[in-house]
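Shown below: start_25.pdb, with PDB, C-alpha atoms.
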ATOM      1  CA  MET A   1      49.151  46.374  54.041
ATOM      2  CA  ALA A   2      48.801  45.042  57.576
ATOM      3  CA  ASP A   3      46.700  41.980  58.281
ATOM      4  CA  PHE A   4      43.642  42.656  60.451
ATOM      5  CA  PRO A   5      41.646  39.700  61.832
ATOM      6  CA  ALA A   6      38.291  39.515  60.036
ATOM      7  CA  THR A   7      36.608  38.262  63.229
ATOM      8  CA  LEU A   8      37.092  41.654  64.912
ATOM      9  CA  SER A   9      35.416  45.053  64.532
ATOM     10  CA  TYR A  10      37.452  48.260  64.495
ATOM     11  CA  SER A  11      37.039  51.882  65.568
ATOM     12  CA  ALA A  12      38.360  54.974  63.799
ATOM     13  CA  GLU A  13      40.563  55.519  66.881
ATOM     14  CA  HIS A  14      42.389  52.204  66.191
ATOM     15  CA  GLU A  15      40.763  50.029  68.845
ATOM     16  CA  TRP A  16      39.379  46.572  68.131
ATOM     17  CA  VAL A  17      36.599  44.567  69.767
ATOM     18  CA  ASP A  18      35.455  40.988  69.325
ATOM     19  CA  ASP A  19      31.913  39.604  69.342
ATOM     20  CA  ALA A  20      32.371  37.436  72.436
ATOM     21  CA  SER A  21      30.429  37.911  75.643
ATOM     22  CA  PRO A  22      32.074  39.599  77.433
ATOM     23  CA  ALA A  23      33.747  41.446  74.565
ATOM     24  CA  THR A  24      37.517  41.845  74.507
ATOM     25  CA  VAL A  25      38.986  45.237  73.569
ATOM     26  CA  GLY A  26      42.505  46.081  72.415
ATOM     27  CA  VAL A  27      44.432  48.412  70.132
ATOM     28  CA  THR A  28      45.369  47.544  66.570
ATOM     29  CA  SER A  29      48.822  46.903  65.193
ATOM     30  CA  VAL A  30      48.559  50.294  63.451
ATOM     31  CA  ALA A  31      48.214  52.009  66.832
ATOM     32  CA  ALA A  32      50.926  49.870  68.425
ATOM     33  CA  ASP A  33      53.353  50.633  65.576
ATOM     34  CA  ALA A  34      52.564  54.365  65.672
ATOM     35  CA  LEU A  35      53.050  54.503  69.436
ATOM     36  CA  GLY A  36      56.428  52.818  69.445
ATOM     37  CA  ASP A  37      57.512  50.927  72.554
ATOM     38  CA  VAL A  38      54.595  50.899  75.014
ATOM     39  CA  VAL A  39      55.876  51.390  78.573
ATOM     40  CA  TYR A  40      52.717  52.047  80.654
ATOM     41  CA  LEU A  41      48.982  51.321  80.473
ATOM     42  CA  GLU A  42      46.238  53.092  82.382
ATOM     43  CA  LEU A  43      43.089  50.998  81.931
ATOM     44  CA  PRO A  44      39.537  51.406  83.243
ATOM     45  CA  GLU A  45      38.711  49.844  86.613
ATOM     46  CA  VAL A  46      36.722  46.617  86.821
ATOM     47  CA  GLY A  47      33.107  47.630  87.474
ATOM     48  CA  ALA A  48      33.424  50.954  85.645
ATOM     49  CA  THR A  49      30.606  51.915  83.294
ATOM     50  CA  ILE A  50      32.047  53.132  80.001
ATOM     51  CA  SER A  51      30.555  54.689  76.862
ATOM     52  CA  SER A  52      31.565  54.097  73.276
ATOM     53  CA  GLY A  53      33.747  56.887  71.948
ATOM     54  CA  SER A  54      34.745  58.055  75.427
ATOM     55  CA  VAL A  55      38.268  58.164  76.818
ATOM     56  CA  VAL A  56      38.737  55.225  79.203
ATOM     57  CA  GLY A  57      42.494  55.257  79.778
ATOM     58  CA  GLU A  58      45.919  56.083  78.432
ATOM     59  CA  ILE A  59      48.736  54.307  76.656
ATOM     60  CA  GLU A  60      52.193  55.712  77.302
ATOM     61  CA  SER A  61      55.078  54.931  74.991
ATOM     62  CA  THR A  62      58.640  56.103  74.587
ATOM     63  CA  LYS A  63      57.269  58.557  71.982
ATOM     64  CA  SER A  64      54.069  59.932  73.519
ATOM     65  CA  VAL A  65      50.989  59.484  75.686
ATOM     66  CA  SER A  66      47.812  58.603  73.792
ATOM     67  CA  GLU A  67      44.243  58.439  74.983
ATOM     68  CA  LEU A  68      42.475  55.091  74.896
ATOM     69  CA  TYR A  69      38.898  55.176  73.597
ATOM     70  CA  SER A  70      36.237  52.547  74.136
ATOM     71  CA  PRO A  71      34.605  51.130  70.995
ATOM     72  CA  VAL A  72      31.636  49.889  73.063
ATOM     73  CA  SER A  73      29.397  50.893  75.964
ATOM     74  CA  GLY A  74      28.950  48.690  78.998
ATOM     75  CA  THR A  75      30.571  47.562  82.233
ATOM     76  CA  VAL A  76      34.243  46.601  82.487
ATOM     77  CA  VAL A  77      34.453  43.043  83.818
ATOM     78  CA  GLU A  78      38.194  42.333  83.494
ATOM     79  CA  VAL A  79      41.490  44.073  82.744
ATOM     80  CA  ASN A  80      44.556  42.377  81.324
ATOM     81  CA  THR A  81      46.908  42.486  84.309
ATOM     82  CA  ALA A  82      49.586  40.692  82.262
ATOM     83  CA  ALA A  83      49.633  43.647  79.831
ATOM     84  CA  VAL A  84      49.642  46.147  82.710
ATOM     85  CA  ASP A  85      52.661  44.320  84.187
ATOM     86  CA  ASP A  86      54.342  43.965  80.768
ATOM     87  CA  PRO A  87      53.025  46.718  78.440
ATOM     88  CA  ALA A  88      55.335  45.501  75.641
ATOM     89  CA  LEU A  89      52.684  42.812  74.985
ATOM     90  CA  VAL A  90      50.683  45.547  73.232
ATOM     91  CA  ASN A  91      53.525  45.849  70.700
ATOM     92  CA  SER A  92      54.418  42.180  70.376
ATOM     93  CA  ASP A  93      50.876  40.737  70.187
ATOM     94  CA  PRO A  94      48.234  43.502  69.864
ATOM     95  CA  PHE A  95      45.491  41.116  68.674
ATOM     96  CA  GLY A  96      46.321  38.378  71.206
ATOM     97  CA  ALA A  97      48.137  38.545  74.548
ATOM     98  CA  GLY A  98      48.178  42.367  74.342
ATOM     99  CA  TRP A  99      44.396  42.737  74.730
ATOM    100  CA  LEU A 100      43.436  45.466  77.220
ATOM    101  CA  PHE A 101      40.054  44.911  78.886
ATOM    102  CA  LYS A 102      36.769  43.009  78.673
ATOM    103  CA  VAL A 103      33.316  44.562  78.691
ATOM    104  CA  ASP A 104      29.790  43.334  79.313
ATOM    105  CA  VAL A 105      28.492  45.235  76.268
ATOM    106  CA  SER A 106      25.242  47.213  76.363
ATOM    107  CA  ALA A 107      25.799  48.985  73.015
ATOM    108  CA  ARG A 108      28.396  49.120  70.260
ATOM    109  CA  GLY A 109      29.778  52.325  68.820
ATOM    110  CA  GLU A 110      30.336  53.047  65.143
ATOM    111  CA  LEU A 111      32.599  50.201  64.059
ATOM    112  CA  MET A 112      34.201  49.002  60.848
ATOM    113  CA  SER A 113      34.915  45.597  59.369
ATOM    114  CA  ALA A 114      38.528  44.501  58.910
ATOM    115  CA  GLU A 115      38.304  45.416  55.233
ATOM    116  CA  GLU A 116      36.903  48.897  55.971
ATOM    117  CA  TYR A 117      39.528  49.497  58.661
ATOM    118  CA  ALA A 118      42.348  48.364  56.363
ATOM    119  CA  ALA A 119      41.170  50.843  53.728
ATOM    120  CA  GLN A 120      41.058  53.671  56.290
ATOM    121  CA  ALA A 121      44.357  52.760  57.954
ATOM    122  CA  GLY A 122      46.059  52.658  54.565
TER     123      GLY A 122
END

Can you dump the structure from the file as structure tokens?
Amino acid sequence: MADFPATLSYSAEHEWVDDASPATVGVTSVAADALGDVVYLELPEVGATISSGSVVGEIESTKSVSELYSPVSGTVVEVNTAAVDDPALVNSDPFGAGWLFKVDVSARGELMSAEEYAAQAG
């Protein structure tokens, strides 16, 4: 079974979010592995208002294009330009350097603990 950081919360769509302010959002290793080699990221614009559960971007890999969902509601305050420039960071370090965007959170969606996510992700 994969190792999921206990300090993060997880969505059913395989995104993670931390409890910092602003909150950092990324995709899990499960999503990164399923996608294969990530080659392009379309992320929300800084200043965009996003809603939990809504599509906020896309992740393109050598296998497919997948929608990116937000696990929280709020205003995007930063995007990871390093990951946009080098999307392979999502594969090599999904819980670290491969983070996607930061949000000034107004509300959290339905999220799971690391243990709950691990059970769901199998």

When distances are computed from all atoms listed in the file, which of A:Glu78, A:Asp93, A:Glu115, A:Glu110 shows the smallest separation from Thr28 in chain A?
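Counting all atoms listed in the file, the residue closest to Thr28 in chain A is A:Asp93.
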
Picked residues, the PyMOL selection byres ((chain A and resi 105) around 8), as a PyMOL selection string:
chain A and resi 21-23+72-75+103-104+106-108

In Å, how far is it from CA of Ser11 in chain A to CA of Gly26 in chain A?
10.5 Å

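The shortest atom-to-atom distance to Leu41 in chain A, with all atoms listed in the file taken into account, belongs to A:Asn80 out of A:Ser29, A:Ser54, A:Thr7, A:Asn80.
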
For range 34-50 of chain A, I'd like the enclosing box, axis-aligned and padded by 8 Å on every side, reported as JSON with centre and edge lengths in Å to one decimal.
{"center_x": 44.1, "center_y": 50.6, "center_z": 76.6, "size_x": 42.9, "size_y": 23.9, "size_z": 37.8}

Write out as a list in words which residues come within 9 Å of Lys63 in chain A when counting only C-alpha atoms, dropping same-chain ones fewer than 4 positions away.
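Everything that qualifies: Ala34, Leu35, Gly36, Asp37 and Val38 of chain A.
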
Mind writing the picked residues with C-alpha atoms as a short mmCIF file (atom, residue, chain, number, x, y, z; two decimals), keeping the file's coordinate frame?
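The resulting file, again-v1.cif, is shown below:
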data_model
loop_
_atom_site.label_atom_id
_atom_site.label_comp_id
_atom_site.auth_asym_id
_atom_site.auth_seq_id
_atom_site.Cartn_x
_atom_site.Cartn_y
_atom_site.Cartn_z
CA ALA A 34 52.56 54.36 65.67
CA LEU A 35 53.05 54.50 69.44
CA GLY A 36 56.43 52.82 69.44
CA ASP A 37 57.51 50.93 72.55
CA VAL A 38 54.60 50.90 75.01
#

Could you pull the residues within 12 Å of Glu42 in chain A, counting all atoms listed in the file, minus those fewer than 4 positions along the same chain, as a list in words?
Val38, Val55, Val56, Gly57, Glu58, Ile59, Glu60, Ser61, Val65, Ser66, Glu67, Leu68, Tyr69, Val79, Asn80, Thr81, Ala83, Val84, Asp85, Pro87, Leu100 and Phe101 of chain A
